[in-house]
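The next block is my_file_29.cif, given as mmCIF, C-alpha atoms; chains and numbers go by the auth columns.
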```cif
data_run
loop_
_atom_site.group_PDB
_atom_site.id
_atom_site.type_symbol
_atom_site.label_atom_id
_atom_site.label_comp_id
_atom_site.label_asym_id
_atom_site.label_seq_id
_atom_site.Cartn_x
_atom_site.Cartn_y
_atom_site.Cartn_z
_atom_site.B_iso_or_equiv
_atom_site.auth_seq_id
_atom_site.auth_asym_id
ATOM 1 C CA MET A 1 161.635 121.833 138.091 0.00 1 A
ATOM 2 C CA LYS A 2 160.957 119.704 141.171 0.00 2 A
ATOM 3 C CA SER A 3 161.442 122.603 143.577 0.00 3 A
ATOM 4 C CA ALA A 4 159.020 124.828 141.648 0.00 4 A
ATOM 5 C CA LEU A 5 156.539 121.990 141.419 0.00 5 A
ATOM 6 C CA ARG A 6 156.731 121.313 145.142 0.00 6 A
ATOM 7 C CA HIS A 7 156.340 125.021 145.915 0.00 7 A
ATOM 8 C CA HIS A 8 153.123 125.296 143.886 0.00 8 A
ATOM 9 C CA PHE A 9 151.777 122.056 145.264 0.00 9 A
ATOM 10 C CA GLU A 10 152.400 123.071 148.864 0.00 10 A
ATOM 11 C CA ALA A 11 150.927 126.522 148.233 0.00 11 A
ATOM 12 C CA ALA A 12 147.664 124.898 147.154 0.00 12 A
ATOM 13 C CA LEU A 13 147.338 123.092 150.487 0.00 13 A
ATOM 14 C CA GLN A 14 148.799 125.659 152.857 0.00 14 A
ATOM 15 C CA ASP A 15 145.449 126.088 154.650 0.00 15 A
ATOM 16 C CA ARG A 16 144.228 122.580 153.915 0.00 16 A
ATOM 17 C CA GLN A 17 146.437 120.613 156.290 0.00 17 A
ATOM 18 C CA LEU A 18 143.892 118.108 157.490 0.00 18 A
ATOM 19 C CA LEU A 19 145.337 117.492 160.938 0.00 19 A
ATOM 20 C CA ASP A 20 144.571 121.160 161.638 0.00 20 A
ATOM 21 C CA HIS A 21 140.867 120.532 161.087 0.00 21 A
ATOM 22 C CA PRO A 22 138.720 120.703 164.257 0.00 22 A
ATOM 23 C CA PHE A 23 137.357 117.206 163.662 0.00 23 A
ATOM 24 C CA TYR A 24 140.815 115.609 163.687 0.00 24 A
ATOM 25 C CA ARG A 25 141.892 117.743 166.613 0.00 25 A
ATOM 26 C CA ARG A 26 138.942 116.404 168.581 0.00 26 A
ATOM 27 C CA TRP A 27 139.792 112.864 167.406 0.00 27 A
ATOM 28 C CA GLU A 28 143.314 113.286 168.788 0.00 28 A
ATOM 29 C CA ALA A 29 141.977 114.681 172.076 0.00 29 A
ATOM 30 C CA GLY A 30 139.507 111.845 172.611 0.00 30 A
ATOM 31 C CA LEU A 31 136.479 114.113 172.329 0.00 31 A
ATOM 32 C CA LEU A 32 134.515 112.125 169.751 0.00 32 A
ATOM 33 C CA SER A 33 131.867 109.587 170.647 0.00 33 A
ATOM 34 C CA ARG A 34 131.885 105.992 169.476 0.00 34 A
ATOM 35 C CA ASP A 35 128.996 106.922 167.177 0.00 35 A
ATOM 36 C CA ASP A 36 131.097 109.715 165.677 0.00 36 A
ATOM 37 C CA VAL A 37 133.829 107.195 164.815 0.00 37 A
ATOM 38 C CA ARG A 38 131.247 104.768 163.429 0.00 38 A
ATOM 39 C CA GLU A 39 129.686 107.422 161.186 0.00 39 A
ATOM 40 C CA TYR A 40 133.141 108.483 160.027 0.00 40 A
ATOM 41 C CA ALA A 41 133.915 104.882 159.060 0.00 41 A
ATOM 42 C CA GLU A 42 130.635 104.533 157.174 0.00 42 A
ATOM 43 C CA GLN A 43 131.525 107.491 154.954 0.00 43 A
ATOM 44 C CA TYR A 44 135.304 107.012 154.649 0.00 44 A
ATOM 45 C CA ARG A 45 134.572 103.502 153.362 0.00 45 A
ATOM 46 C CA TYR A 46 133.333 105.047 150.093 0.00 46 A
ATOM 47 C CA PHE A 47 136.705 106.688 149.520 0.00 47 A
ATOM 48 C CA GLU A 48 138.640 103.528 150.335 0.00 48 A
ATOM 49 C CA ALA A 49 136.434 101.436 148.043 0.00 49 A
ATOM 50 C CA MET A 50 136.901 103.941 145.207 0.00 50 A
ATOM 51 C CA LEU A 51 140.679 104.238 145.426 0.00 51 A
ATOM 52 C CA PRO A 52 141.747 100.997 143.640 0.00 52 A
ATOM 53 C CA ASP A 53 139.530 101.839 140.657 0.00 53 A
ATOM 54 C CA PHE A 54 140.943 105.364 140.571 0.00 54 A
ATOM 55 C CA LEU A 55 144.509 104.058 140.620 0.00 55 A
ATOM 56 C CA LEU A 56 143.770 101.496 137.912 0.00 56 A
ATOM 57 C CA ARG A 57 142.270 104.131 135.629 0.00 57 A
ATOM 58 C CA LEU A 58 145.164 106.464 136.336 0.00 58 A
ATOM 59 C CA SER A 59 147.744 103.795 135.521 0.00 59 A
ATOM 60 C CA GLU A 60 145.950 102.988 132.267 0.00 60 A
ATOM 61 C CA SER A 61 146.036 106.666 131.289 0.00 61 A
ATOM 62 C CA LEU A 62 149.832 106.780 131.596 0.00 62 A
ATOM 63 C CA ALA A 63 152.261 105.657 128.928 0.00 63 A
ATOM 64 C CA PRO A 64 154.540 102.739 129.862 0.00 64 A
ATOM 65 C CA GLY A 65 157.419 104.083 131.902 0.00 65 A
ATOM 66 C CA PRO A 66 158.396 105.326 135.355 0.00 66 A
ATOM 67 C CA ALA A 67 155.185 107.223 136.162 0.00 67 A
ATOM 68 C CA ARG A 68 152.990 104.255 135.294 0.00 68 A
ATOM 69 C CA ASN A 69 155.241 101.881 137.224 0.00 69 A
ATOM 70 C CA LEU A 70 154.990 104.035 140.345 0.00 70 A
ATOM 71 C CA VAL A 71 151.187 104.204 140.195 0.00 71 A
ATOM 72 C CA GLU A 72 151.001 100.444 139.644 0.00 72 A
ATOM 73 C CA ALA A 73 153.174 99.903 142.720 0.00 73 A
ATOM 74 C CA ASN A 74 150.727 102.013 144.709 0.00 74 A
ATOM 75 C CA LEU A 75 147.820 99.971 143.347 0.00 75 A
ATOM 76 C CA ARG A 76 149.525 96.697 144.310 0.00 76 A
ATOM 77 C CA ASP A 77 149.806 97.934 147.878 0.00 77 A
ATOM 78 C CA GLU A 78 146.068 98.646 147.868 0.00 78 A
ATOM 79 C CA VAL A 79 144.895 95.263 146.612 0.00 79 A
ATOM 80 C CA THR A 80 147.485 92.724 147.780 0.00 80 A
ATOM 81 C CA ALA A 81 145.869 90.437 150.364 0.00 81 A
ATOM 82 C CA PRO A 82 144.841 91.432 152.887 0.00 82 A
ATOM 83 C CA SER A 83 143.714 94.397 150.828 0.00 83 A
ATOM 84 C CA HIS A 84 143.483 97.821 152.391 0.00 84 A
ATOM 85 C CA LEU A 85 139.714 97.670 152.053 0.00 85 A
ATOM 86 C CA GLU A 86 139.700 94.390 154.009 0.00 86 A
ATOM 87 C CA LEU A 87 141.822 95.976 156.730 0.00 87 A
ATOM 88 C CA PHE A 88 139.535 98.982 156.765 0.00 88 A
ATOM 89 C CA GLU A 89 136.512 96.746 157.292 0.00 89 A
ATOM 90 C CA ARG A 90 138.094 95.403 160.484 0.00 90 A
ATOM 91 C CA PHE A 91 138.188 98.978 161.767 0.00 91 A
ATOM 92 C CA ALA A 92 134.655 99.722 160.563 0.00 92 A
ATOM 93 C CA GLU A 93 133.174 96.524 162.001 0.00 93 A
ATOM 94 C CA PHE A 94 134.787 97.111 165.390 0.00 94 A
ATOM 95 C CA TYR A 95 132.851 100.366 165.692 0.00 95 A
ATOM 96 C CA GLY A 96 129.612 98.879 164.399 0.00 96 A
ATOM 97 C CA ALA A 97 129.602 100.548 160.980 0.00 97 A
ATOM 98 C CA THR A 98 126.689 99.607 158.761 0.00 98 A
ATOM 99 C CA ILE A 99 125.951 100.337 155.105 0.00 99 A
ATOM 100 C CA ALA A 100 124.964 103.998 155.098 0.00 100 A
ATOM 101 C CA ASP A 101 123.914 106.257 152.245 0.00 101 A
ATOM 102 C CA MET A 102 126.626 108.455 150.801 0.00 102 A
ATOM 103 C CA THR A 103 126.328 111.964 152.225 0.00 103 A
ATOM 104 C CA PRO A 104 126.693 115.102 150.066 0.00 104 A
ATOM 105 C CA ALA A 105 130.249 115.825 151.210 0.00 105 A
ATOM 106 C CA THR A 106 131.308 112.215 150.669 0.00 106 A
ATOM 107 C CA ARG A 107 129.862 112.340 147.162 0.00 107 A
ATOM 108 C CA ARG A 108 131.742 115.570 146.526 0.00 108 A
ATOM 109 C CA LEU A 109 134.957 113.929 147.705 0.00 109 A
ATOM 110 C CA VAL A 110 134.587 110.889 145.463 0.00 110 A
ATOM 111 C CA ASN A 111 133.569 113.066 142.523 0.00 111 A
ATOM 112 C CA ALA A 112 136.629 115.280 143.035 0.00 112 A
ATOM 113 C CA TYR A 113 138.923 112.329 142.391 0.00 113 A
ATOM 114 C CA PHE A 114 137.168 111.431 139.167 0.00 114 A
ATOM 115 C CA GLU A 115 137.105 115.084 138.125 0.00 115 A
ATOM 116 C CA VAL A 116 140.897 115.373 138.332 0.00 116 A
ATOM 117 C CA LEU A 117 141.161 112.033 136.530 0.00 117 A
ATOM 118 C CA ARG A 118 138.964 113.419 133.752 0.00 118 A
ATOM 119 C CA ARG A 119 141.274 116.427 133.436 0.00 119 A
ATOM 120 C CA GLY A 120 144.308 114.253 132.685 0.00 120 A
ATOM 121 C CA SER A 121 147.131 112.280 134.224 0.00 121 A
ATOM 122 C CA ALA A 122 148.999 115.220 135.747 0.00 122 A
ATOM 123 C CA SER A 123 145.847 116.568 137.380 0.00 123 A
ATOM 124 C CA ALA A 124 144.985 113.109 138.686 0.00 124 A
ATOM 125 C CA LEU A 125 148.424 112.678 140.225 0.00 125 A
ATOM 126 C CA ALA A 126 148.239 116.129 141.824 0.00 126 A
ATOM 127 C CA GLY A 127 144.841 115.309 143.266 0.00 127 A
ATOM 128 C CA LEU A 128 146.055 111.966 144.565 0.00 128 A
ATOM 129 C CA LEU A 129 149.050 113.616 146.181 0.00 129 A
ATOM 130 C CA ALA A 130 146.832 116.141 147.994 0.00 130 A
ATOM 131 C CA TYR A 131 145.911 113.468 150.521 0.00 131 A
ATOM 132 C CA GLU A 132 148.899 111.137 150.243 0.00 132 A
ATOM 133 C CA SER A 133 151.322 113.931 151.117 0.00 133 A
ATOM 134 C CA GLN A 134 149.564 114.095 154.500 0.00 134 A
ATOM 135 C CA GLY A 135 148.526 110.472 154.772 0.00 135 A
ATOM 136 C CA ALA A 136 151.261 109.088 157.016 0.00 136 A
ATOM 137 C CA GLU A 137 150.822 111.727 159.723 0.00 137 A
ATOM 138 C CA ILE A 138 147.042 111.423 159.553 0.00 138 A
ATOM 139 C CA ALA A 139 147.162 107.632 159.853 0.00 139 A
ATOM 140 C CA ASP A 140 149.584 107.749 162.783 0.00 140 A
ATOM 141 C CA SER A 141 147.371 110.287 164.548 0.00 141 A
ATOM 142 C CA LYS A 142 144.238 108.224 163.990 0.00 142 A
ATOM 143 C CA ALA A 143 145.853 105.023 165.230 0.00 143 A
ATOM 144 C CA ALA A 144 147.163 106.701 168.369 0.00 144 A
ATOM 145 C CA GLY A 145 143.780 108.289 169.086 0.00 145 A
ATOM 146 C CA LEU A 146 141.906 105.018 168.611 0.00 146 A
ATOM 147 C CA LEU A 147 144.243 103.173 170.968 0.00 147 A
ATOM 148 C CA ASP A 148 144.431 105.920 173.583 0.00 148 A
ATOM 149 C CA HIS A 149 140.826 107.113 173.683 0.00 149 A
ATOM 150 C CA TYR A 150 138.409 104.875 171.812 0.00 150 A
ATOM 151 C CA GLY A 151 139.002 101.375 173.126 0.00 151 A
ATOM 152 C CA ALA A 152 140.397 99.994 169.880 0.00 152 A
ATOM 153 C CA ARG A 153 141.924 96.552 169.663 0.00 153 A
ATOM 154 C CA GLU A 154 145.015 96.048 167.531 0.00 154 A
ATOM 155 C CA ALA A 155 143.046 94.454 164.673 0.00 155 A
ATOM 156 C CA ALA A 156 140.889 97.575 164.487 0.00 156 A
ATOM 157 C CA VAL A 157 143.868 99.883 163.918 0.00 157 A
ATOM 158 C CA LEU A 158 145.930 97.754 161.518 0.00 158 A
ATOM 159 C CA PHE A 159 144.577 99.738 158.575 0.00 159 A
ATOM 160 C CA TRP A 160 145.896 102.979 160.050 0.00 160 A
ATOM 161 C CA ILE A 161 149.175 101.453 161.240 0.00 161 A
ATOM 162 C CA GLU A 162 149.768 100.093 157.736 0.00 162 A
ATOM 163 C CA HIS A 163 149.124 103.486 156.187 0.00 163 A
ATOM 164 C CA GLY A 164 151.367 105.195 158.687 0.00 164 A
ATOM 165 C CA SER A 165 154.223 103.018 157.438 0.00 165 A
ATOM 166 C CA ILE A 166 153.588 103.149 153.668 0.00 166 A
ATOM 167 C CA GLU A 167 152.112 106.549 152.920 0.00 167 A
ATOM 168 C CA VAL A 168 155.498 108.241 152.971 0.00 168 A
ATOM 169 C CA ASP A 169 156.525 105.940 150.113 0.00 169 A
ATOM 170 C CA HIS A 170 153.231 106.516 148.321 0.00 170 A
ATOM 171 C CA ALA A 171 153.680 110.277 148.555 0.00 171 A
ATOM 172 C CA THR A 172 157.234 110.025 147.228 0.00 172 A
ATOM 173 C CA TRP A 173 156.163 107.744 144.374 0.00 173 A
ATOM 174 C CA THR A 174 153.270 110.003 143.423 0.00 174 A
ATOM 175 C CA PHE A 175 155.381 113.166 143.479 0.00 175 A
ATOM 176 C CA ASP A 176 158.080 111.498 141.378 0.00 176 A
ATOM 177 C CA ALA A 177 155.464 110.261 138.912 0.00 177 A
ATOM 178 C CA LEU A 178 153.993 113.760 138.708 0.00 178 A
ATOM 179 C CA ALA A 179 157.402 115.408 138.250 0.00 179 A
ATOM 180 C CA SER A 180 158.284 112.976 135.443 0.00 180 A
ATOM 181 C CA LEU A 181 155.363 114.371 133.409 0.00 181 A
ATOM 182 C CA LYS A 182 156.764 117.928 133.629 0.00 182 A
ATOM 183 C CA PRO A 183 153.292 119.301 134.328 0.00 183 A
ATOM 184 C CA ASP A 184 151.989 122.837 134.209 0.00 184 A
ATOM 185 C CA VAL A 185 152.382 124.078 137.786 0.00 185 A
ATOM 186 C CA ASP A 186 149.121 126.029 137.705 0.00 186 A
ATOM 187 C CA GLU A 187 147.291 122.836 136.745 0.00 187 A
ATOM 188 C CA VAL A 188 148.958 121.035 139.634 0.00 188 A
ATOM 189 C CA GLU A 189 147.989 123.752 142.088 0.00 189 A
ATOM 190 C CA GLU A 190 144.376 123.856 140.893 0.00 190 A
ATOM 191 C CA SER A 191 143.894 120.077 141.026 0.00 191 A
ATOM 192 C CA ALA A 192 145.559 119.693 144.408 0.00 192 A
ATOM 193 C CA ARG A 193 143.334 122.454 145.752 0.00 193 A
ATOM 194 C CA LEU A 194 140.214 120.827 144.317 0.00 194 A
ATOM 195 C CA VAL A 195 140.859 117.587 146.194 0.00 195 A
ATOM 196 C CA GLY A 196 142.125 119.402 149.292 0.00 196 A
ATOM 197 C CA ASP A 197 138.909 121.416 149.441 0.00 197 A
ATOM 198 C CA ALA A 198 136.841 118.251 149.037 0.00 198 A
ATOM 199 C CA TRP A 199 138.617 116.604 151.972 0.00 199 A
ATOM 200 C CA TRP A 200 138.119 119.718 154.095 0.00 200 A
ATOM 201 C CA SER A 201 134.404 119.724 153.282 0.00 201 A
ATOM 202 C CA PHE A 202 134.241 116.031 154.154 0.00 202 A
ATOM 203 C CA LEU A 203 135.664 116.798 157.596 0.00 203 A
ATOM 204 C CA ASP A 204 133.395 119.841 157.964 0.00 204 A
ATOM 205 C CA GLU A 205 130.432 117.521 157.487 0.00 205 A
ATOM 206 C CA ARG A 206 131.783 115.007 160.005 0.00 206 A
ATOM 207 C CA GLU A 207 132.274 117.835 162.491 0.00 207 A
ATOM 208 C CA ARG A 208 128.718 119.112 162.003 0.00 208 A
ATOM 209 C CA GLN A 209 127.342 115.626 162.557 0.00 209 A
ATOM 210 C CA ALA A 210 129.513 115.083 165.617 0.00 210 A
ATOM 211 C CA ALA A 211 128.384 118.387 167.104 0.00 211 A
#
```
Let me see the structure of the file written as structure tokens.
Amino acid sequence: MKSALRHHFEAALQDRQLLDHPFYRRWEAGLLSRDDVREYAEQYRYFEAMLPDFLLRLSESLAPGPARNLVEANLRDEVTAPSHLELFERFAEFYGATIADMTPATRRLVNAYFEVLRRGSASALAGLLAYESQGAEIADSKAAGLLDHYGAREAAVLFWIEHGSIEVDHATWTFDALASLKPDVDEVEESARLVGDAWWSFLDERERQAA
């Protein structure tokens, strides 16, 4: 069951590996401006602020048991002081991020998470895993780029360093929670693709603005 589930999940994201996106490639190469990083932070903040609420609603939709316990562990990591949102604000403030209106692609991204949540627990877990399965590598890449090319101080990259160390666990927990529900693999593939597409569109918009 797990091997079939993983196959369908990975198939959904085969061309949605976010580190392959031109925006992240330019991040890694040091080709973004400080304003590009600031604008990225202003929009990514909406996702980070949404995530604890998403995880809480997801945990409440699950029956008591292993899947719920794993989601609750993920939520504890998000909100235990200093919370991930607090760490993110150190990054955002370093680059001068202000309160900006949510752009269309950011709204689509946030809405995608609540759409998979509306569809049910298995869909929500598949959507969550779409990013978390890539999260550790993305965080490591971002931290390295900020330190190498964008003048970051250590406090400004703690958010990404933290995620580089915990996202492997989060991905494992989320996959195990999903597998425990014995979901329909087509539902998993569709929901993972929905969130994967939303993230790709989010980066497309960042790339257009950077250009």
Please write the residues picked by the PyMOL selection byres ((chain A and resi 202) around 10) on this file as a PyMOL selection string.
chain A and resi 40+43-44+103-109+196-201+203-207
Writing out the chosen residues with C-alpha atoms as an mmCIF file, in the frame of the given file:
```cif
data_model
loop_
_atom_site.group_PDB
_atom_site.id
_atom_site.type_symbol
_atom_site.label_atom_id
_atom_site.label_comp_id
_atom_site.auth_asym_id
_atom_site.auth_seq_id
_atom_site.Cartn_x
_atom_site.Cartn_y
_atom_site.Cartn_z
ATOM 1 C CA TYR A 40 133.141 108.483 160.027
ATOM 2 C CA GLN A 43 131.525 107.491 154.954
ATOM 3 C CA TYR A 44 135.304 107.012 154.649
ATOM 4 C CA THR A 103 126.328 111.964 152.225
ATOM 5 C CA PRO A 104 126.693 115.102 150.066
ATOM 6 C CA ALA A 105 130.249 115.825 151.210
ATOM 7 C CA THR A 106 131.308 112.215 150.669
ATOM 8 C CA ARG A 107 129.862 112.340 147.162
ATOM 9 C CA ARG A 108 131.742 115.570 146.526
ATOM 10 C CA LEU A 109 134.957 113.929 147.705
ATOM 11 C CA GLY A 196 142.125 119.402 149.292
ATOM 12 C CA ASP A 197 138.909 121.416 149.441
ATOM 13 C CA ALA A 198 136.841 118.251 149.037
ATOM 14 C CA TRP A 199 138.617 116.604 151.972
ATOM 15 C CA TRP A 200 138.119 119.718 154.095
ATOM 16 C CA SER A 201 134.404 119.724 153.282
ATOM 17 C CA LEU A 203 135.664 116.798 157.596
ATOM 18 C CA ASP A 204 133.395 119.841 157.964
ATOM 19 C CA GLU A 205 130.432 117.521 157.487
ATOM 20 C CA ARG A 206 131.783 115.007 160.005
ATOM 21 C CA GLU A 207 132.274 117.835 162.491
#
```
Residues returned when the PyMOL selection byres ((chain A and resi 39) around 9) runs on this file, as a ChimeraX atom specification:
/A:34-38,40-44,95,97-98,100,206,209-210
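Between CA of Tyr113 in chain A and CA of Leu128 in chain A the interatomic distance comes to 7.5 Å.
Evaluated on this file, the PyMOL selection byres ((chain A and resi 28) around 12) matches A:Leu19, A:Asp20, A:His21, A:Pro22, A:Phe23, A:Tyr24, A:Arg25, A:Arg26, A:Trp27, A:Ala29, A:Gly30, A:Leu31, A:Leu32, A:Val37, A:Glu137, A:Ile138, A:Ala139, A:Asp140, A:Ser141, A:Lys142, A:Ala143, A:Ala144, A:Gly145, A:Leu146, A:Leu147, A:Asp148, A:His149, A:Tyr150.
Taking CA of Arg193 in chain A as the reference point, CA of Ala130 in chain A is found at 7.6 Å.
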May I have the protein, DNA and RNA residues with any atom at most 12 Å from the point (141.7, 117.2, 134.1), counting only C-alpha atoms, written as a ChimeraX atom specification?
/A:58,61,112-127,183-184,187-188,190-192,194
Output of the above residues as a PDB file, in the coordinates of the input, restricted to C-alpha atoms:
```
ATOM      1  CA  LEU A  58     145.164 106.464 136.336  1.00  0.00           C
ATOM      2  CA  SER A  61     146.036 106.666 131.289  1.00  0.00           C
ATOM      3  CA  ALA A 112     136.629 115.280 143.035  1.00  0.00           C
ATOM      4  CA  TYR A 113     138.923 112.329 142.391  1.00  0.00           C
ATOM      5  CA  PHE A 114     137.168 111.431 139.167  1.00  0.00           C
ATOM      6  CA  GLU A 115     137.105 115.084 138.125  1.00  0.00           C
ATOM      7  CA  VAL A 116     140.897 115.373 138.332  1.00  0.00           C
ATOM      8  CA  LEU A 117     141.161 112.033 136.530  1.00  0.00           C
ATOM      9  CA  ARG A 118     138.964 113.419 133.752  1.00  0.00           C
ATOM     10  CA  ARG A 119     141.274 116.427 133.436  1.00  0.00           C
ATOM     11  CA  GLY A 120     144.308 114.253 132.685  1.00  0.00           C
ATOM     12  CA  SER A 121     147.131 112.280 134.224  1.00  0.00           C
ATOM     13  CA  ALA A 122     148.999 115.220 135.747  1.00  0.00           C
ATOM     14  CA  SER A 123     145.847 116.568 137.380  1.00  0.00           C
ATOM     15  CA  ALA A 124     144.985 113.109 138.686  1.00  0.00           C
ATOM     16  CA  LEU A 125     148.424 112.678 140.225  1.00  0.00           C
ATOM     17  CA  ALA A 126     148.239 116.129 141.824  1.00  0.00           C
ATOM     18  CA  GLY A 127     144.841 115.309 143.266  1.00  0.00           C
ATOM     19  CA  PRO A 183     153.292 119.301 134.328  1.00  0.00           C
ATOM     20  CA  ASP A 184     151.989 122.837 134.209  1.00  0.00           C
ATOM     21  CA  GLU A 187     147.291 122.836 136.745  1.00  0.00           C
ATOM     22  CA  VAL A 188     148.958 121.035 139.634  1.00  0.00           C
ATOM     23  CA  GLU A 190     144.376 123.856 140.893  1.00  0.00           C
ATOM     24  CA  SER A 191     143.894 120.077 141.026  1.00  0.00           C
ATOM     25  CA  ALA A 192     145.559 119.693 144.408  1.00  0.00           C
ATOM     26  CA  LEU A 194     140.214 120.827 144.317  1.00  0.00           C
TER      27      LEU A 194
END
```
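If you measure from each of A:Phe9, A:Trp173, A:Phe88, A:Phe94 to Ala152 in chain A using all atoms listed in the file, the closest one turns out to be A:Phe94.
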